[in-house]
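Below: one structure, written as structure tokens.
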Amino acid sequence: METQATPATLPCVGCYNLRWALLEPEVGHKHKKGSHHGDRDSSNPCSAAGGSCIKTEATCLNSSGDVVRFSFCHEAPPASSRMWCSSSPSHDEGGGGTLLLVSVVAAHGDSVLLQMDCRHGLDYFVYTAGAAADPPRPPSLSLLPIHWVPYGWGERRPKRLDNARTGLLRRRRGDNDLVVSELTVTEGDDVLDAELLVFRSGEWSVTPAEIIHDDCKAEELFRWKTDMVVPVGDRQLCWVDLYRGIILCDLFDHQPLRLRYVSLPVEPPAGEFDDDDIDEYYSYESNSGSGGGHNPRVCLMKDRAVCATDGGDTLKFVDIFPRYCCGGPGVTTCNHSSTAFVINTWTLTMSDMTWTMDAIVDATELWSLHAYAGIPRIRPYYPAVSIHDSHIICLLVYIDDKYCKKETFWKIMLDTRSKTLLSVLAYKNPSRQMSCWLPYSGNNYVPSEISGYLLTSCSGDATKAAAIVVDIPAAAATTTTTTIAVISKESNELSNKSVEVSEIASPEEILAALEEIPDLGCDDLLKAYSVLINDDSGRRFRSLLVLPMGLRKKWLLIEVKNSQSCSICSACTATT
């Protein structure tokens, strides 16, 4: 029996864990020396190793008998990591056929599901990272058997998995089983028909499944469209409709398989959001900043995400939405808040399938951070929650030109609990050859833990954050120092700058501000006062003051709850 892989011991930076990666969906191509195909690898940070670290390479044969190699190059979040591939004979040169597409379909634990679409056919591989066990196990690559489907009159062809509807599960214990599953939901006569294509124990099977839901939720389901798939623990897959809800399934449950629908903690949109007119989509994209146009269901929402966190066992929902001056949701043309937004996060309690809001970050809180200096005051997109730390979110801030090219962008890592920026990467006018894939509507990074399982990293700094923002609490002093990392087009190197934070408010100022908040009870006021008065940096109070009055009470109560959780964790840590 194969020994279950365990994550290698990697360091943490500050209060967050770096044993995970944001995988780019597009796989890089390595070519023979002198080849002019695929210029993207010319700026690969692992170019000294031939496109990626040779020690992460795994090899097998494809369905045509050619040798295929996959390897991994790790960059700590918020930077993105990349899988690399090559073949012998090369599919990029004459005679071997054209390499059309190689992409990451899904990831879980120590494994990544990969698709290779060549002229010879369609193949799926599972790349498995090496185990830090005794004895150690190197990375491996395995070819999945082809699932044939009917095509035309008496013909058949390989099944093409839909990346948005396909998930991967790797068991952490027991037989180390691996499952690949694609969900198809179609409208039948007054009911929804659900079907699961499942690969397990070396075989493909198609299984009908019943969708269980609460009363009055059938109408929501009739407009279902899967945007993404998230593994939960090592038994369940979660299919996500970012407009409406999630569908959970225990793939290791006894037959028949059952699907459970749970609504998202937001109101579902009107029917016009489900139009499939591509012209309507471009109309929405060009008018989204001003609030005009429709929002059809053509592509993935770029301001929402459902992610697995706390080691992959907890589901987190992130929603970034525009707000009015008063704090309510909606787009406004007011000069003071035309680009204002709120980041809300919820955690799903699996026992009763209820969502609990656990963080609110207003735009003014983010903008008031001195680490945010130089970054545009606009809404961030493409949130991704850390697999290990539920309060850590990676975001992308970018400026589009008239051709929708992201010429200038920033990758930031936000701690929603302490309201600090842990890491900032700024890219100024990057060239097309620069090693940086960016998300777009319908395609986002794939969170993965394979970097924590690999026996080696592709560089000595692979387990360090690409750019650390260091906040020094002002115990005796009245200022803090912040370091911001910037990547320039010319040098691709980090440069630093420092800024100062204003002095801390007095107890009288804090109390006066709390007394102005409507409907804040005496007990809640005292708890909030205790949280703010014990914040040596003064950051929480400054964040409170820049919030609209309508958001202050809700924000404070969440801050009090998070502070109590932090105190319990600190006490447990001190006694162990």
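By convention here, the chains of the structure tokens are called A, B, ... in the order presented, each chain's residues are numbered starting at 1, and ligands are numbered starting at 1 in the order presented.
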
Mind running region 99-163 of chain A against region 172-188 of chain A at 12 Å and telling me each contacting residue's nearest atom pair with the distance in Å (one decimal), counting only C-alpha atoms, chain and number ascending, as a tab-separated table?
```
residue	atom	partner	partner_atom	distance
A:Val105	CA	A:Val180	CA	10.3
A:Ala106	CA	A:Val180	CA	9.0
A:Ala107	CA	A:Val180	CA	10.1
A:His108	CA	A:Leu178	CA	9.7
A:Gly109	CA	A:Arg172	CA	7.8
A:Asp110	CA	A:Arg172	CA	9.3
A:Ser111	CA	A:Leu178	CA	9.0
A:Val112	CA	A:Val180	CA	10.7
A:Leu113	CA	A:Val180	CA	8.4
A:Leu114	CA	A:Val180	CA	11.4
A:Tyr124	CA	A:Val180	CA	10.7
A:Phe125	CA	A:Val180	CA	11.1
A:Val126	CA	A:Leu178	CA	9.5
A:Tyr127	CA	A:Leu178	CA	11.6
A:Thr128	CA	A:Leu178	CA	10.7
A:Ser142	CA	A:Leu178	CA	11.6
A:Leu144	CA	A:Val180	CA	10.0
A:Pro145	CA	A:Val180	CA	11.9
A:His147	CA	A:Val180	CA	12.0
A:Lys159	CA	A:Glu182	CA	11.0
A:Arg160	CA	A:Glu182	CA	10.4
A:Leu161	CA	A:Glu182	CA	7.1
A:Asp162	CA	A:Glu182	CA	7.3
A:Asn163	CA	A:Glu182	CA	8.6
```

So that I can check the surroundings of Met353 (chain A), please list as a PDB file with N, CA and C atoms, in the first residue's frame every protein, DNA and RNA residue that reaches within 10 Å of it, counting only C-alpha atoms and ignoring chain neighbours fewer than 5 positions away.
```pdb
ATOM      1  N   ARG A 260     -26.431  18.057  -2.047  1.00  0.00           N
ATOM      2  CA  ARG A 260     -27.102  18.969  -1.127  1.00  0.00           C
ATOM      3  C   ARG A 260     -26.882  20.410  -1.573  1.00  0.00           C
ATOM      4  N   TYR A 261     -28.008  21.129  -1.827  1.00  0.00           N
ATOM      5  CA  TYR A 261     -27.927  22.521  -2.243  1.00  0.00           C
ATOM      6  C   TYR A 261     -28.065  23.447  -1.046  1.00  0.00           C
ATOM      7  N   VAL A 262     -27.170  24.442  -0.983  1.00  0.00           N
ATOM      8  CA  VAL A 262     -27.201  25.460   0.072  1.00  0.00           C
ATOM      9  C   VAL A 262     -27.064  26.821  -0.592  1.00  0.00           C
ATOM     10  N   SER A 263     -27.979  27.732  -0.287  1.00  0.00           N
ATOM     11  CA  SER A 263     -27.929  29.070  -0.868  1.00  0.00           C
ATOM     12  C   SER A 263     -26.752  29.854  -0.307  1.00  0.00           C
ATOM     13  N   THR A 347     -18.352  32.198   6.730  1.00  0.00           N
ATOM     14  CA  THR A 347     -17.890  30.816   6.894  1.00  0.00           C
ATOM     15  C   THR A 347     -19.105  29.904   7.015  1.00  0.00           C
ATOM     16  N   LEU A 348     -19.062  28.750   6.342  1.00  0.00           N
ATOM     17  CA  LEU A 348     -20.170  27.797   6.384  1.00  0.00           C
ATOM     18  C   LEU A 348     -19.975  26.817   7.527  1.00  0.00           C
TER      19      LEU A 348
END
```

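Separating CA of Leu122 (chain A) from CA of Val104 (chain A) is a distance of 13.8 Å.
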
Subject >> Residues near region 225-228 of chain A, cut-off 8 Å, only C-alpha atoms, skip fewer than 2 positions along chain, as a ChimeraX atom specification >> reply: /A:163-166,185,223,230,239-242,297,299-300,442

With C-alpha atoms retained, export the selected residues as a PDB file, in the first residue's frame.
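File produced: again_34.pdb:
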```
ATOM      1  CA  ASN A 163     -12.909  22.685 -16.207  1.00  0.00           C
ATOM      2  CA  ALA A 164     -15.541  24.774 -14.428  1.00  0.00           C
ATOM      3  CA  ARG A 165     -17.566  21.649 -13.475  1.00  0.00           C
ATOM      4  CA  THR A 166     -14.763  19.191 -12.680  1.00  0.00           C
ATOM      5  CA  VAL A 185     -27.252  19.772 -14.133  1.00  0.00           C
ATOM      6  CA  ARG A 223     -31.145  28.797 -13.017  1.00  0.00           C
ATOM      7  CA  VAL A 230     -13.871  23.343  -4.489  1.00  0.00           C
ATOM      8  CA  TRP A 239     -19.850  22.877  -6.971  1.00  0.00           C
ATOM      9  CA  VAL A 240     -20.388  26.638  -6.877  1.00  0.00           C
ATOM     10  CA  ASP A 241     -22.798  28.972  -8.633  1.00  0.00           C
ATOM     11  CA  LEU A 242     -21.415  32.354  -7.558  1.00  0.00           C
ATOM     12  CA  ARG A 297     -24.090  34.421 -16.870  1.00  0.00           C
ATOM     13  CA  CYS A 299     -18.375  34.285 -17.385  1.00  0.00           C
ATOM     14  CA  LEU A 300     -17.239  33.839 -13.812  1.00  0.00           C
ATOM     15  CA  GLY A 442     -14.154  32.893 -16.418  1.00  0.00           C
TER      16      GLY A 442
END
```

**OP:** Identify, on the basis of only C-alpha atoms, every residue whose closest approach to Leu520 (chain A) does not exceed 12 Å; exclude the query and any residue fewer than 2 positions from it along the same chain; express the result as a ChimeraX atom specification.
**Re:** /A:513-518,522-529,549-557

Subject >> Residue list (strand (DSSP E), DSSP) for region 351-458 of chain A, as JSON, numbers by chain >> reply: {"A": [354, 355, 356, 357, 358, 359, 360, 361, 362, 381, 382, 383, 384, 385, 392, 393, 394, 395, 396, 397, 398, 399, 400, 406, 407, 408, 409, 410, 411, 412, 413, 414, 415, 420, 421, 422, 423, 424, 425, 426, 427, 428, 446, 447, 448]}

Would you put the residues from that selection into a file with C-alpha atoms, as a tab-separated table (two decimals), in the first residue's frame?
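What follows is the written file again_0.tsv:
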```
chain	number	residue	atom	x	y	z
A	354	THR	CA	-25.59	27.91	7.84
A	355	TRP	CA	-23.40	30.86	6.86
A	356	THR	CA	-21.87	33.14	9.52
A	357	MET	CA	-20.40	36.52	8.61
A	358	ASP	CA	-16.92	36.78	10.14
A	359	ALA	CA	-15.31	39.84	8.54
A	360	ILE	CA	-16.14	43.21	7.02
A	361	VAL	CA	-13.46	45.29	5.34
A	362	ASP	CA	-14.56	48.65	3.98
A	381	TYR	CA	-11.07	41.55	-7.91
A	382	TYR	CA	-10.41	37.80	-8.03
A	383	PRO	CA	-10.28	37.03	-4.28
A	384	ALA	CA	-8.56	33.83	-3.17
A	385	VAL	CA	-8.53	32.71	0.46
A	392	ILE	CA	-5.92	35.80	4.70
A	393	ILE	CA	-7.19	36.87	1.26
A	394	CYS	CA	-5.19	37.50	-1.91
A	395	LEU	CA	-6.58	40.14	-4.27
A	396	LEU	CA	-5.76	41.70	-7.62
A	397	VAL	CA	-5.95	45.47	-8.22
A	398	TYR	CA	-5.51	46.55	-11.80
A	399	ILE	CA	-6.01	49.43	-14.20
A	400	ASP	CA	-7.49	48.58	-17.59
A	406	LYS	CA	-4.01	45.08	-17.49
A	407	GLU	CA	-0.95	47.24	-18.06
A	408	THR	CA	-0.44	48.11	-14.39
A	409	PHE	CA	-1.52	45.88	-11.54
A	410	TRP	CA	-0.91	44.97	-7.93
A	411	LYS	CA	-1.17	41.63	-6.14
A	412	ILE	CA	-1.92	42.11	-2.46
A	413	MET	CA	-2.38	39.84	0.55
A	414	LEU	CA	-4.90	41.15	3.11
A	415	ASP	CA	-5.42	40.03	6.70
A	420	THR	CA	-3.29	44.87	7.53
A	421	LEU	CA	-1.57	44.24	4.22
A	422	LEU	CA	0.84	41.35	4.64
A	423	SER	CA	2.29	41.45	1.15
A	424	VAL	CA	2.24	43.75	-1.87
A	425	LEU	CA	3.57	43.10	-5.37
A	426	ALA	CA	3.34	45.90	-7.91
A	427	TYR	CA	3.86	45.35	-11.64
A	428	LYS	CA	4.47	48.44	-13.73
A	446	VAL	CA	-6.36	27.42	-8.62
A	447	PRO	CA	-5.36	27.19	-4.92
A	448	SER	CA	-3.11	24.17	-4.29
```

Original post:
Neighbours of Leu192 (chain A) within 12 Å (only C-alpha atoms; same-chain residues fewer than 2 positions away dropped), as number ranges by chain?
Top reply: A: 184-190, 194-195, 208-213, 217-224, 259

Write the residues of the selection above to a file with N, CA and C atoms, as a PDB file, in the first residue's frame.
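Written out: selection_0.pdb:
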```pdb
ATOM      1  N   THR A 184     -23.118  17.527 -14.044  1.00  0.00           N
ATOM      2  CA  THR A 184     -23.958  18.100 -15.094  1.00  0.00           C
ATOM      3  C   THR A 184     -25.370  18.262 -14.554  1.00  0.00           C
ATOM      4  N   VAL A 185     -25.890  19.489 -14.590  1.00  0.00           N
ATOM      5  CA  VAL A 185     -27.252  19.772 -14.133  1.00  0.00           C
ATOM      6  C   VAL A 185     -28.049  20.289 -15.327  1.00  0.00           C
ATOM      7  N   THR A 186     -29.158  19.631 -15.634  1.00  0.00           N
ATOM      8  CA  THR A 186     -30.013  20.033 -16.747  1.00  0.00           C
ATOM      9  C   THR A 186     -31.455  20.144 -16.270  1.00  0.00           C
ATOM     10  N   GLU A 187     -32.231  20.965 -16.972  1.00  0.00           N
ATOM     11  CA  GLU A 187     -33.644  21.153 -16.639  1.00  0.00           C
ATOM     12  C   GLU A 187     -34.476  20.077 -17.311  1.00  0.00           C
ATOM     13  N   GLY A 188     -35.220  19.347 -16.480  1.00  0.00           N
ATOM     14  CA  GLY A 188     -36.144  18.355 -17.005  1.00  0.00           C
ATOM     15  C   GLY A 188     -37.566  18.874 -16.950  1.00  0.00           C
ATOM     16  N   ASP A 189     -38.545  17.972 -16.915  1.00  0.00           N
ATOM     17  CA  ASP A 189     -39.951  18.344 -16.809  1.00  0.00           C
ATOM     18  C   ASP A 189     -40.276  18.638 -15.353  1.00  0.00           C
ATOM     19  N   ASP A 190     -40.266  19.931 -14.999  1.00  0.00           N
ATOM     20  CA  ASP A 190     -40.580  20.406 -13.643  1.00  0.00           C
ATOM     21  C   ASP A 190     -39.553  19.974 -12.610  1.00  0.00           C
ATOM     22  N   ALA A 194     -29.665  15.746 -12.420  1.00  0.00           N
ATOM     23  CA  ALA A 194     -28.240  15.869 -12.095  1.00  0.00           C
ATOM     24  C   ALA A 194     -27.548  14.544 -12.388  1.00  0.00           C
ATOM     25  N   GLU A 195     -26.357  14.651 -12.949  1.00  0.00           N
ATOM     26  CA  GLU A 195     -25.590  13.464 -13.317  1.00  0.00           C
ATOM     27  C   GLU A 195     -24.126  13.685 -12.965  1.00  0.00           C
ATOM     28  N   PRO A 208     -26.609   8.954 -11.925  1.00  0.00           N
ATOM     29  CA  PRO A 208     -27.602  10.001 -11.656  1.00  0.00           C
ATOM     30  C   PRO A 208     -27.633  10.284 -10.153  1.00  0.00           C
ATOM     31  N   ALA A 209     -27.937  11.524  -9.794  1.00  0.00           N
ATOM     32  CA  ALA A 209     -27.941  11.910  -8.387  1.00  0.00           C
ATOM     33  C   ALA A 209     -29.111  12.842  -8.100  1.00  0.00           C
ATOM     34  N   GLU A 210     -29.641  12.724  -6.905  1.00  0.00           N
ATOM     35  CA  GLU A 210     -30.752  13.567  -6.472  1.00  0.00           C
ATOM     36  C   GLU A 210     -30.212  14.807  -5.773  1.00  0.00           C
ATOM     37  N   ILE A 211     -30.824  15.966  -6.086  1.00  0.00           N
ATOM     38  CA  ILE A 211     -30.440  17.211  -5.427  1.00  0.00           C
ATOM     39  C   ILE A 211     -31.422  17.503  -4.304  1.00  0.00           C
ATOM     40  N   ILE A 212     -30.909  17.544  -3.086  1.00  0.00           N
ATOM     41  CA  ILE A 212     -31.721  17.833  -1.904  1.00  0.00           C
ATOM     42  C   ILE A 212     -31.595  19.317  -1.577  1.00  0.00           C
ATOM     43  N   HIS A 213     -32.726  19.968  -1.312  1.00  0.00           N
ATOM     44  CA  HIS A 213     -32.691  21.392  -0.993  1.00  0.00           C
ATOM     45  C   HIS A 213     -33.820  21.738  -0.032  1.00  0.00           C
ATOM     46  N   LYS A 217     -36.512  26.641  -2.555  1.00  0.00           N
ATOM     47  CA  LYS A 217     -35.222  26.820  -3.217  1.00  0.00           C
ATOM     48  C   LYS A 217     -35.190  26.218  -4.623  1.00  0.00           C
ATOM     49  N   ALA A 218     -36.294  25.601  -5.026  1.00  0.00           N
ATOM     50  CA  ALA A 218     -36.310  24.950  -6.343  1.00  0.00           C
ATOM     51  C   ALA A 218     -36.114  25.952  -7.469  1.00  0.00           C
ATOM     52  N   GLU A 219     -36.699  27.151  -7.326  1.00  0.00           N
ATOM     53  CA  GLU A 219     -36.580  28.151  -8.392  1.00  0.00           C
ATOM     54  C   GLU A 219     -35.141  28.612  -8.560  1.00  0.00           C
ATOM     55  N   GLU A 220     -34.424  28.751  -7.451  1.00  0.00           N
ATOM     56  CA  GLU A 220     -33.011  29.114  -7.534  1.00  0.00           C
ATOM     57  C   GLU A 220     -32.244  28.069  -8.338  1.00  0.00           C
ATOM     58  N   LEU A 221     -32.511  26.814  -8.076  1.00  0.00           N
ATOM     59  CA  LEU A 221     -31.781  25.739  -8.729  1.00  0.00           C
ATOM     60  C   LEU A 221     -32.048  25.679 -10.227  1.00  0.00           C
ATOM     61  N   PHE A 222     -33.240  26.126 -10.648  1.00  0.00           N
ATOM     62  CA  PHE A 222     -33.570  26.036 -12.065  1.00  0.00           C
ATOM     63  C   PHE A 222     -32.723  26.973 -12.914  1.00  0.00           C
ATOM     64  N   ARG A 223     -32.047  27.910 -12.283  1.00  0.00           N
ATOM     65  CA  ARG A 223     -31.145  28.797 -13.017  1.00  0.00           C
ATOM     66  C   ARG A 223     -29.686  28.466 -12.712  1.00  0.00           C
ATOM     67  N   TRP A 224     -29.432  27.264 -12.244  1.00  0.00           N
ATOM     68  CA  TRP A 224     -28.079  26.872 -11.825  1.00  0.00           C
ATOM     69  C   TRP A 224     -27.098  26.845 -12.992  1.00  0.00           C
ATOM     70  N   LEU A 259     -26.811  14.931  -3.629  1.00  0.00           N
ATOM     71  CA  LEU A 259     -26.298  16.294  -3.728  1.00  0.00           C
ATOM     72  C   LEU A 259     -27.113  17.198  -2.813  1.00  0.00           C
TER      73      LEU A 259
END
```

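In this structure, CA of His254 (chain A) sits 13.9 Å away from CA of Val198 (chain A).
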
Original post:
For Arg379 (chain A), which of A:Asp352, A:Asp313, A:Glu509, A:Asp303 is the closest residue, counting only C-alpha atoms?
Top reply: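 Looking only at the distances to Arg379 (chain A), the closest residue turns out to be A:Asp303.
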